[in-house]
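Have a look at upload_5.pdb below; it lists PDB, C-alpha atoms.
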ATOM      1  CA  ALA A 517      31.131 -19.350  41.259
ATOM      2  CA  ILE A 518      30.926 -18.362  44.937
ATOM      3  CA  CYS A 519      27.811 -16.186  44.515
ATOM      4  CA  ARG A 520      26.103 -19.004  42.579
ATOM      5  CA  GLU A 521      27.148 -21.540  45.217
ATOM      6  CA  MET A 522      25.310 -19.440  47.826
ATOM      7  CA  GLY A 523      22.132 -19.366  45.732
ATOM      8  CA  TYR A 524      22.484 -16.051  43.891
ATOM      9  CA  SER A 525      22.252 -15.687  40.124
ATOM     10  CA  GLY A 526      25.810 -14.347  39.947
ATOM     11  CA  ALA A 527      28.193 -11.598  41.042
ATOM     12  CA  GLU A 528      27.576  -7.916  40.320
ATOM     13  CA  SER A 529      31.072  -6.929  41.408
ATOM     14  CA  TRP A 530      33.871  -7.872  43.760
ATOM     15  CA  LYS A 531      36.744  -6.022  45.398
ATOM     16  CA  TYR A 532      39.410  -6.558  48.018
ATOM     17  CA  GLY A 533      40.773  -4.595  50.922
ATOM     18  CA  GLU A 534      40.675  -4.095  54.674
ATOM     19  CA  LEU A 535      37.346  -2.263  54.495
ATOM     20  CA  TYR A 536      35.740  -3.407  57.773
ATOM     21  CA  GLY A 537      37.152  -2.983  61.264
ATOM     22  CA  ILE A 538      36.145  -6.551  62.122
ATOM     23  CA  GLN A 539      38.281  -8.277  59.462
ATOM     24  CA  SER A 540      41.259  -8.729  61.773
ATOM     25  CA  ASP A 541      39.007 -10.817  64.044
ATOM     26  CA  PHE A 542      38.897 -13.530  61.390
ATOM     27  CA  GLU A 543      41.592 -15.900  60.235
ATOM     28  CA  ILE A 544      42.302 -16.109  56.499
ATOM     29  CA  GLY A 545      41.026 -19.459  55.277
ATOM     30  CA  LEU A 546      41.057 -19.552  51.469
ATOM     31  CA  ASP A 547      43.550 -18.485  48.798
ATOM     32  CA  ASP A 548      44.377 -18.962  45.117
ATOM     33  CA  VAL A 549      40.770 -19.525  44.031
ATOM     34  CA  VAL A 550      40.988 -20.262  40.305
ATOM     35  CA  CYS A 551      37.762 -21.119  38.424
ATOM     36  CA  SER A 552      37.457 -22.139  34.779
ATOM     37  CA  SER A 553      33.711 -21.331  34.729
ATOM     38  CA  ASN A 554      31.055 -19.832  36.997
ATOM     39  CA  ALA A 555      30.405 -23.214  38.666
ATOM     40  CA  TRP A 556      32.114 -23.922  42.010
ATOM     41  CA  ASP A 557      33.097 -27.440  40.985
ATOM     42  CA  SER A 558      35.278 -25.919  38.255
ATOM     43  CA  CYS A 559      37.380 -24.151  40.908
ATOM     44  CA  SER A 560      40.701 -25.040  42.527
ATOM     45  CA  PHE A 561      41.934 -23.405  45.732
ATOM     46  CA  THR A 562      44.146 -23.776  48.761
ATOM     47  CA  THR A 563      43.363 -23.328  52.456
ATOM     48  CA  SER A 564      46.915 -22.167  53.197
ATOM     49  CA  HIS A 565      47.795 -18.577  52.302
ATOM     50  CA  ASN A 566      50.454 -15.877  52.091
ATOM     51  CA  CYS A 567      48.044 -12.970  52.537
ATOM     52  CA  GLY A 568      47.096 -10.106  54.809
ATOM     53  CA  HIS A 569      43.614  -8.793  55.464
ATOM     54  CA  SER A 570      44.231  -6.011  52.958
ATOM     55  CA  GLU A 571      43.594  -8.767  50.393
ATOM     56  CA  ASP A 572      40.278 -10.000  51.845
ATOM     57  CA  VAL A 573      37.577 -10.428  49.199
ATOM     58  CA  HIS A 574      34.267  -8.545  49.384
ATOM     59  CA  LEU A 575      31.427  -9.636  47.111
ATOM     60  CA  THR A 576      28.312  -7.988  45.777
ATOM     61  CA  CYS A 577      26.088 -10.856  44.632
ATOM     62  CA  SER A 578      23.129 -10.251  42.360
ATOM     63  CA  ASN A 579      19.518 -11.179  43.012
ATOM     64  CA  PRO A 580      18.724 -14.699  44.236
ATOM     65  CA  VAL A 581      17.346 -17.131  41.694
ATOM     66  CA  THR A 582      13.750 -16.105  41.041
ATOM     67  CA  GLU A 583      10.695 -18.253  41.473
ATOM     68  CA  ILE A 584       9.091 -20.166  38.639
ATOM     69  CA  THR A 585       6.928 -17.621  36.817
ATOM     70  CA  GLY A 586       4.346 -19.852  35.188
ATOM     71  CA  SER A 587       5.276 -18.884  31.632
ATOM     72  CA  GLU A 588       5.944 -21.489  28.966
ATOM     73  CA  SER A 589       8.992 -19.395  28.050
ATOM     74  CA  ASP A 590      10.650 -20.684  31.243
ATOM     75  CA  LYS A 591      13.509 -23.014  30.417
ATOM     76  CA  PHE A 592      12.488 -25.522  33.090
ATOM     77  CA  ALA A 593       9.189 -25.888  34.928
ATOM     78  CA  LEU A 594       7.413 -28.480  37.082
ATOM     79  CA  VAL A 595       3.716 -29.318  36.624
ATOM     80  CA  ASP A 596       1.293 -31.478  38.610
ATOM     81  CA  ASP A 597      -0.991 -34.227  37.308
ATOM     82  CA  GLN A 598      -3.503 -31.603  36.148
ATOM     83  CA  GLY A 599      -0.881 -29.704  34.161
ATOM     84  CA  ASN A 600      -0.782 -26.818  36.647
ATOM     85  CA  GLN A 601       2.635 -25.232  36.875
ATOM     86  CA  LEU A 602       3.971 -25.273  40.431
ATOM     87  CA  ASP A 603       5.685 -22.371  42.136
ATOM     88  CA  ARG A 604       8.807 -22.949  44.203
ATOM     89  CA  ALA A 605       6.922 -23.393  47.480
ATOM     90  CA  SER A 606       4.375 -25.911  46.169
ATOM     91  CA  ALA A 607       6.934 -27.795  44.040
ATOM     92  CA  SER A 608       9.328 -28.362  46.935
ATOM     93  CA  GLY A 609       9.361 -32.032  47.918
ATOM     94  CA  GLN A 610       6.598 -32.963  45.450
ATOM     95  CA  SER A 611       7.053 -35.293  42.489
ATOM     96  CA  ALA A 612       6.175 -33.367  39.341
ATOM     97  CA  LEU A 613       6.493 -33.661  35.583
ATOM     98  CA  LEU A 614       9.547 -31.829  34.264
ATOM     99  CA  LEU A 615       9.048 -29.515  31.278
ATOM    100  CA  TYR A 616      11.650 -27.836  29.078
ATOM    101  CA  TYR A 617      10.156 -24.803  27.318
ATOM    102  CA  GLY A 618       6.746 -26.425  27.714
ATOM    103  CA  LYS A 619       7.796 -29.879  26.480
ATOM    104  CA  THR A 620       8.668 -33.052  28.389
ATOM    105  CA  VAL A 621      12.176 -34.360  29.021
ATOM    106  CA  CYS A 622      13.209 -37.887  27.994
ATOM    107  CA  ASP A 623      15.222 -40.039  30.416
ATOM    108  CA  ASP A 624      17.844 -41.270  27.908
ATOM    109  CA  GLN A 625      21.256 -40.828  29.621
ATOM    110  CA  PHE A 626      19.569 -38.856  32.426
ATOM    111  CA  SER A 627      21.406 -39.189  35.764
ATOM    112  CA  ASP A 628      21.561 -37.838  39.302
ATOM    113  CA  ASN A 629      23.862 -35.105  37.980
ATOM    114  CA  SER A 630      21.242 -34.179  35.376
ATOM    115  CA  ALA A 631      18.488 -34.059  38.010
ATOM    116  CA  ASN A 632      20.573 -31.985  40.436
ATOM    117  CA  ALA A 633      21.677 -29.573  37.715
ATOM    118  CA  ILE A 634      18.083 -28.937  36.613
ATOM    119  CA  CYS A 635      16.726 -28.559  40.164
ATOM    120  CA  ARG A 636      19.557 -26.131  40.924
ATOM    121  CA  GLU A 637      18.871 -24.255  37.671
ATOM    122  CA  MET A 638      15.319 -23.691  38.962
ATOM    123  CA  GLY A 639      16.655 -22.362  42.267
ATOM    124  CA  PHE A 640      16.372 -25.467  44.460
ATOM    125  CA  PRO A 641      19.365 -26.780  46.439
ATOM    126  CA  GLY A 642      19.184 -30.092  44.561
ATOM    127  CA  VAL A 643      17.113 -33.165  43.805
ATOM    128  CA  ILE A 644      15.556 -35.512  46.363
ATOM    129  CA  ILE A 645      14.602 -38.204  43.837
ATOM    130  CA  TRP A 646      13.803 -38.532  40.141
ATOM    131  CA  LYS A 647      11.969 -41.151  38.135
ATOM    132  CA  TYR A 648      10.485 -41.657  34.705
ATOM    133  CA  GLY A 649       7.254 -43.020  33.300
ATOM    134  CA  ASP A 650       3.854 -42.242  31.830
ATOM    135  CA  LEU A 651       2.538 -41.353  35.293
ATOM    136  CA  PHE A 652       0.134 -38.483  34.515
ATOM    137  CA  ASP A 653      -2.747 -38.626  32.012
ATOM    138  CA  ILE A 654      -1.791 -35.175  30.723
ATOM    139  CA  GLN A 655       1.670 -36.242  29.466
ATOM    140  CA  SER A 656       0.413 -37.216  26.023
ATOM    141  CA  SER A 657      -0.790 -33.643  25.487
ATOM    142  CA  TYR A 658       2.811 -32.407  25.490
ATOM    143  CA  GLU A 659       5.501 -32.760  22.882
ATOM    144  CA  ILE A 660       8.857 -34.224  23.953
ATOM    145  CA  GLY A 661      11.455 -31.470  23.816
ATOM    146  CA  LEU A 662      14.707 -32.620  25.432
ATOM    147  CA  ASP A 663      16.773 -35.811  25.321
ATOM    148  CA  ASP A 664      20.233 -37.169  26.134
ATOM    149  CA  VAL A 665      20.839 -34.795  29.044
ATOM    150  CA  VAL A 666      24.389 -35.650  30.123
ATOM    151  CA  CYS A 667      25.914 -33.601  32.967
ATOM    152  CA  SER A 668      29.427 -33.948  34.362
ATOM    153  CA  SER A 669      28.487 -32.104  37.579
ATOM    154  CA  ASN A 670      25.451 -30.624  39.323
ATOM    155  CA  ALA A 671      25.769 -27.345  37.380
ATOM    156  CA  TRP A 672      23.663 -26.843  34.239
ATOM    157  CA  ASP A 673      26.597 -25.389  32.309
ATOM    158  CA  SER A 674      28.305 -28.810  32.579
ATOM    159  CA  CYS A 675      25.446 -30.450  30.627
ATOM    160  CA  SER A 676      25.043 -31.432  26.997
ATOM    161  CA  PHE A 677      21.692 -32.380  25.430
ATOM    162  CA  THR A 678      19.691 -32.553  22.232
ATOM    163  CA  THR A 679      16.228 -31.199  21.388
ATOM    164  CA  SER A 680      15.568 -34.092  19.001
ATOM    165  CA  HIS A 681      14.550 -37.428  20.513
ATOM    166  CA  ASN A 682      13.713 -41.084  19.980
ATOM    167  CA  CYS A 683      11.437 -41.389  23.028
ATOM    168  CA  GLY A 684       7.894 -42.066  24.119
ATOM    169  CA  HIS A 685       6.088 -40.541  27.072
ATOM    170  CA  SER A 686       6.864 -43.667  29.104
ATOM    171  CA  GLU A 687      10.350 -42.127  29.347
ATOM    172  CA  ASP A 688       9.250 -38.683  30.589
ATOM    173  CA  VAL A 689      11.264 -37.449  33.584
ATOM    174  CA  HIS A 690       9.547 -36.563  36.880
ATOM    175  CA  LEU A 691      11.537 -34.648  39.496
ATOM    176  CA  THR A 692      11.215 -34.143  43.230
ATOM    177  CA  CYS A 693      13.385 -31.117  43.998
ATOM    178  CA  GLY A 694      14.539 -30.190  47.485
ATOM    179  CA  ASP A 695      13.480 -27.475  49.874
ATOM    180  CA  ALA A 696      12.806 -24.254  47.968
ATOM    181  CA  GLU A 697      14.152 -22.025  50.726
ATOM    182  CA  VAL A 698      17.699 -21.026  49.863
ATOM    183  CA  ILE A 699      19.896 -20.759  52.947
ATOM    184  CA  VAL A 700      23.445 -19.476  53.025
ATOM    185  CA  ILE A 701      25.469 -22.634  53.535
ATOM    186  CA  ASP A 702      28.272 -22.972  56.056
ATOM    187  CA  MET A 703      30.983 -23.235  53.418
ATOM    188  CA  PHE A 704      30.462 -19.645  52.217
ATOM    189  CA  ALA A 705      28.836 -16.709  53.983
ATOM    190  CA  LEU A 706      28.634 -12.922  53.613
ATOM    191  CA  VAL A 707      28.912 -10.613  56.626
ATOM    192  CA  ASN A 708      28.469  -6.875  57.045
ATOM    193  CA  ASP A 709      30.841  -4.430  58.729
ATOM    194  CA  GLN A 710      29.508  -5.495  62.143
ATOM    195  CA  GLY A 711      30.244  -9.164  61.463
ATOM    196  CA  ASP A 712      26.554 -10.061  61.164
ATOM    197  CA  GLN A 713      25.871 -12.834  58.655
ATOM    198  CA  LEU A 714      23.499 -11.690  55.922
ATOM    199  CA  ASP A 715      20.683 -13.819  54.578
ATOM    200  CA  ILE A 716      20.151 -14.087  50.834
ATOM    201  CA  ALA A 717      17.588 -11.267  50.727
ATOM    202  CA  SER A 718      19.574  -8.715  52.722
ATOM    203  CA  ALA A 719      22.888  -9.585  51.014
ATOM    204  CA  SER A 720      21.551  -9.222  47.462
ATOM    205  CA  GLY A 721      23.202  -6.253  45.756
ATOM    206  CA  GLN A 722      25.181  -5.306  48.891
ATOM    207  CA  SER A 723      28.951  -5.423  49.149
ATOM    208  CA  ALA A 724      29.893  -7.757  52.003
ATOM    209  CA  LEU A 725      32.907  -9.574  53.383
ATOM    210  CA  LEU A 726      33.200 -13.125  52.071
ATOM    211  CA  LEU A 727      33.882 -15.913  54.574
ATOM    212  CA  TYR A 728      34.859 -19.518  53.882
ATOM    213  CA  TYR A 729      34.008 -21.709  56.884
ATOM    214  CA  GLY A 730      34.201 -18.576  59.060
ATOM    215  CA  LYS A 731      37.510 -17.323  57.638
ATOM    216  CA  THR A 732      38.209 -14.620  55.063
ATOM    217  CA  ASP A 733      39.090 -15.310  51.436
ATOM    218  CA  CYS A 734      42.302 -13.871  49.944
ATOM    219  CA  ASP A 735      42.140 -12.269  46.481
ATOM    220  CA  ASP A 736      45.198 -14.073  45.009
ATOM    221  CA  SER A 737      44.115 -15.463  41.606
ATOM    222  CA  PHE A 738      40.501 -14.426  42.358
ATOM    223  CA  ASP A 739      38.544 -13.378  39.277
ATOM    224  CA  ASP A 740      35.006 -12.887  37.945
ATOM    225  CA  ASN A 741      34.573 -16.645  37.437
ATOM    226  CA  ALA A 742      35.442 -17.262  41.089
ATOM    227  CA  ALA A 743      33.020 -14.561  42.260
ATOM    228  CA  ASN A 744      30.191 -15.863  40.077
ATOM    229  CA  ALA A 745      30.768 -19.483  41.057
ATOM    230  CA  VAL A 746      30.635 -18.744  44.779
ATOM    231  CA  CYS A 747      27.576 -16.424  44.534
TER     232      CYS A 747
END

Output the file's structure in the form of structure tokens.
Amino acid sequence: AICREMGYSGAESWKYGELYGIQSDFEIGLDDVVCSSNAWDSCSFTTSHNCGHSEDVHLTCSNPVTEITGSESDKFALVDDQGNQLDRASASGQSALLLYYGKTVCDDQFSDNSANAICREMGFPGVIIWKYGDLFDIQSSYEIGLDDVVCSSNAWDSCSFTTSHNCGHSEDVHLTCGDAEVIVIDMFALVNDQGDQLDIASASGQSALLLYYGKTDCDDSFDDNAANAVC
């Protein structure tokens, strides 16, 4: 959950201990992190603690979410009005037709949660705006492949959907996803043994001390779900 919250695809491993000389410089800020899935919004926690720094959590998060590859085998993709699939840089901030395995997505029961979950699934921080309509001439050349996308949060694993539909292309979803650059947010950060905060590229695959708003995270109740949700 924590690795995913910071923009990584998940956690490779996690451990605890007083492994860095700088840990005693930090307060302990998070404890009893219990997650029912690998999404941060499934987690409960407390900011009080009964821990020492020998219980500080260190995470090794796996690779950041990769860019859109251009293959129709991609679960989600964004295309322009010519049907050209957009990479993360060109798609950022641009309204584009949403495709699911090369087919359009119907707006029935679609919501802000649905839009955020799908943008996040493609590696964006979230959605700026979404709309529906027969806005591009090329829409009729696609089949409709997804309908009734209902999400209880902004994580894709909270969503239900069907691949059958009762829609026309006037209901096709268009998304404008947010800035493609993934930045370690203030809530969670990873630092090395010198206390330097690592960006998403340098932290990938490297064991690092986990901070929550600048304080360490105790391992009480911590598990693989918690690690994955935060990464």

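Closest approach to A:Val573 among A:Met703, A:Ile544, A:Cys622, A:Ala717: A:Ile544, based on only C-alpha atoms.
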
Check which residues satisfy the PyMOL selection byres ((chain A and resi 628) around 10) in the file shown, then give them as a PyMOL selection string. chain A and resi 626-627+629-634+642-646+666-667+669-670

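Of the listed residues A:Thr620, A:Thr732, A:Ser680, A:Ser552, the one whose atoms come nearest to A:Ala517 is A:Ser552, with distances taken using only C-alpha atoms.
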
Quick check on the file I pasted: which residues fall under the PyMOL selection byres ((chain A and resi 527) around 12)? Write them as number ranges by chain. A: 517-526, 528-531, 554, 574-580, 719-724, 739-747

Answer key for the PyMOL selection byres ((chain A and resi 608) around 9), residues as a PyMOL selection string: chain A and resi 602-607+609-611+640+692-697

Those same residues, written as a PDB file, keeping the file's coordinate frame with C-alpha atoms?
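Writing done, so here's again39.pdb:
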ATOM      1  CA  LEU A 602       3.971 -25.273  40.431  1.00  0.00           C
ATOM      2  CA  ASP A 603       5.685 -22.371  42.136  1.00  0.00           C
ATOM      3  CA  ARG A 604       8.807 -22.949  44.203  1.00  0.00           C
ATOM      4  CA  ALA A 605       6.922 -23.393  47.480  1.00  0.00           C
ATOM      5  CA  SER A 606       4.375 -25.911  46.169  1.00  0.00           C
ATOM      6  CA  ALA A 607       6.934 -27.795  44.040  1.00  0.00           C
ATOM      7  CA  GLY A 609       9.361 -32.032  47.918  1.00  0.00           C
ATOM      8  CA  GLN A 610       6.598 -32.963  45.450  1.00  0.00           C
ATOM      9  CA  SER A 611       7.053 -35.293  42.489  1.00  0.00           C
ATOM     10  CA  PHE A 640      16.372 -25.467  44.460  1.00  0.00           C
ATOM     11  CA  THR A 692      11.215 -34.143  43.230  1.00  0.00           C
ATOM     12  CA  CYS A 693      13.385 -31.117  43.998  1.00  0.00           C
ATOM     13  CA  GLY A 694      14.539 -30.190  47.485  1.00  0.00           C
ATOM     14  CA  ASP A 695      13.480 -27.475  49.874  1.00  0.00           C
ATOM     15  CA  ALA A 696      12.806 -24.254  47.968  1.00  0.00           C
ATOM     16  CA  GLU A 697      14.152 -22.025  50.726  1.00  0.00           C
TER      17      GLU A 697
END

Neighbour list for A:Ala593 as a list in words, cut-off 7 Å, only C-alpha atoms, skip fewer than 2 positions in-chain: Ile584, Asp590, Lys591, Val595, Gln601, Leu614, Leu615 and Tyr616 of chain A

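Of the residues listed (A:Val550, A:Val689, A:Leu662, A:Ala671), A:Ala671 shows the shortest atom-to-atom separation from A:Pro641; distances use only C-alpha atoms.
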
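Reported to one decimal place, the separation of atom CA of A:Asp547 from atom CA of A:Gly711 is 20.6 Å.
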
Mind listing whatever residues come within 12 Å of the point (6.1, -36.0, 22.5)? Use all atoms listed in the file, file coordinates, and give them as a ChimeraX atom specification. /A:615-616,618-622,650,654-663,679-688

Kindly export the residues of the current selection with C-alpha atoms, as a compact mmCIF listing (two decimals), in the coordinates of the input.
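Final file, again_31.txt:
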# COMPACT_ATOMS: atom_id res chain seq x y z
CA LEU A 615 9.05 -29.52 31.28
CA TYR A 616 11.65 -27.84 29.08
CA GLY A 618 6.75 -26.42 27.71
CA LYS A 619 7.80 -29.88 26.48
CA THR A 620 8.67 -33.05 28.39
CA VAL A 621 12.18 -34.36 29.02
CA CYS A 622 13.21 -37.89 27.99
CA ASP A 650 3.85 -42.24 31.83
CA ILE A 654 -1.79 -35.17 30.72
CA GLN A 655 1.67 -36.24 29.47
CA SER A 656 0.41 -37.22 26.02
CA SER A 657 -0.79 -33.64 25.49
CA TYR A 658 2.81 -32.41 25.49
CA GLU A 659 5.50 -32.76 22.88
CA ILE A 660 8.86 -34.22 23.95
CA GLY A 661 11.46 -31.47 23.82
CA LEU A 662 14.71 -32.62 25.43
CA ASP A 663 16.77 -35.81 25.32
CA THR A 679 16.23 -31.20 21.39
CA SER A 680 15.57 -34.09 19.00
CA HIS A 681 14.55 -37.43 20.51
CA ASN A 682 13.71 -41.08 19.98
CA CYS A 683 11.44 -41.39 23.03
CA GLY A 684 7.89 -42.07 24.12
CA HIS A 685 6.09 -40.54 27.07
CA SER A 686 6.86 -43.67 29.10
CA GLU A 687 10.35 -42.13 29.35
CA ASP A 688 9.25 -38.68 30.59

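From atom CA of A:Asp623 back to atom CA of A:Gly649, the distance works out to 9.0 Å.
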
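From atom CA of A:Phe561 back to atom CA of A:Asp548, the distance works out to 5.1 Å.
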
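Considering the residues A:Tyr536, A:Leu706, A:Val549, A:Met638 and counting all atoms listed in the file, A:Tyr729 has its shortest atom-to-atom contact with A:Leu706.
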
Taking all listed atoms of stretch 709-718 of chain A, build the axis-aligned box, pad each of the six sides by 8 Å, then write its centre and edge lengths in Å to one decimal as lines of an AutoDock Vina configuration file.
center_x = 24.2
center_y = -9.3
center_z = 56.4
size_x = 29.3
size_y = 25.7
size_z = 27.4
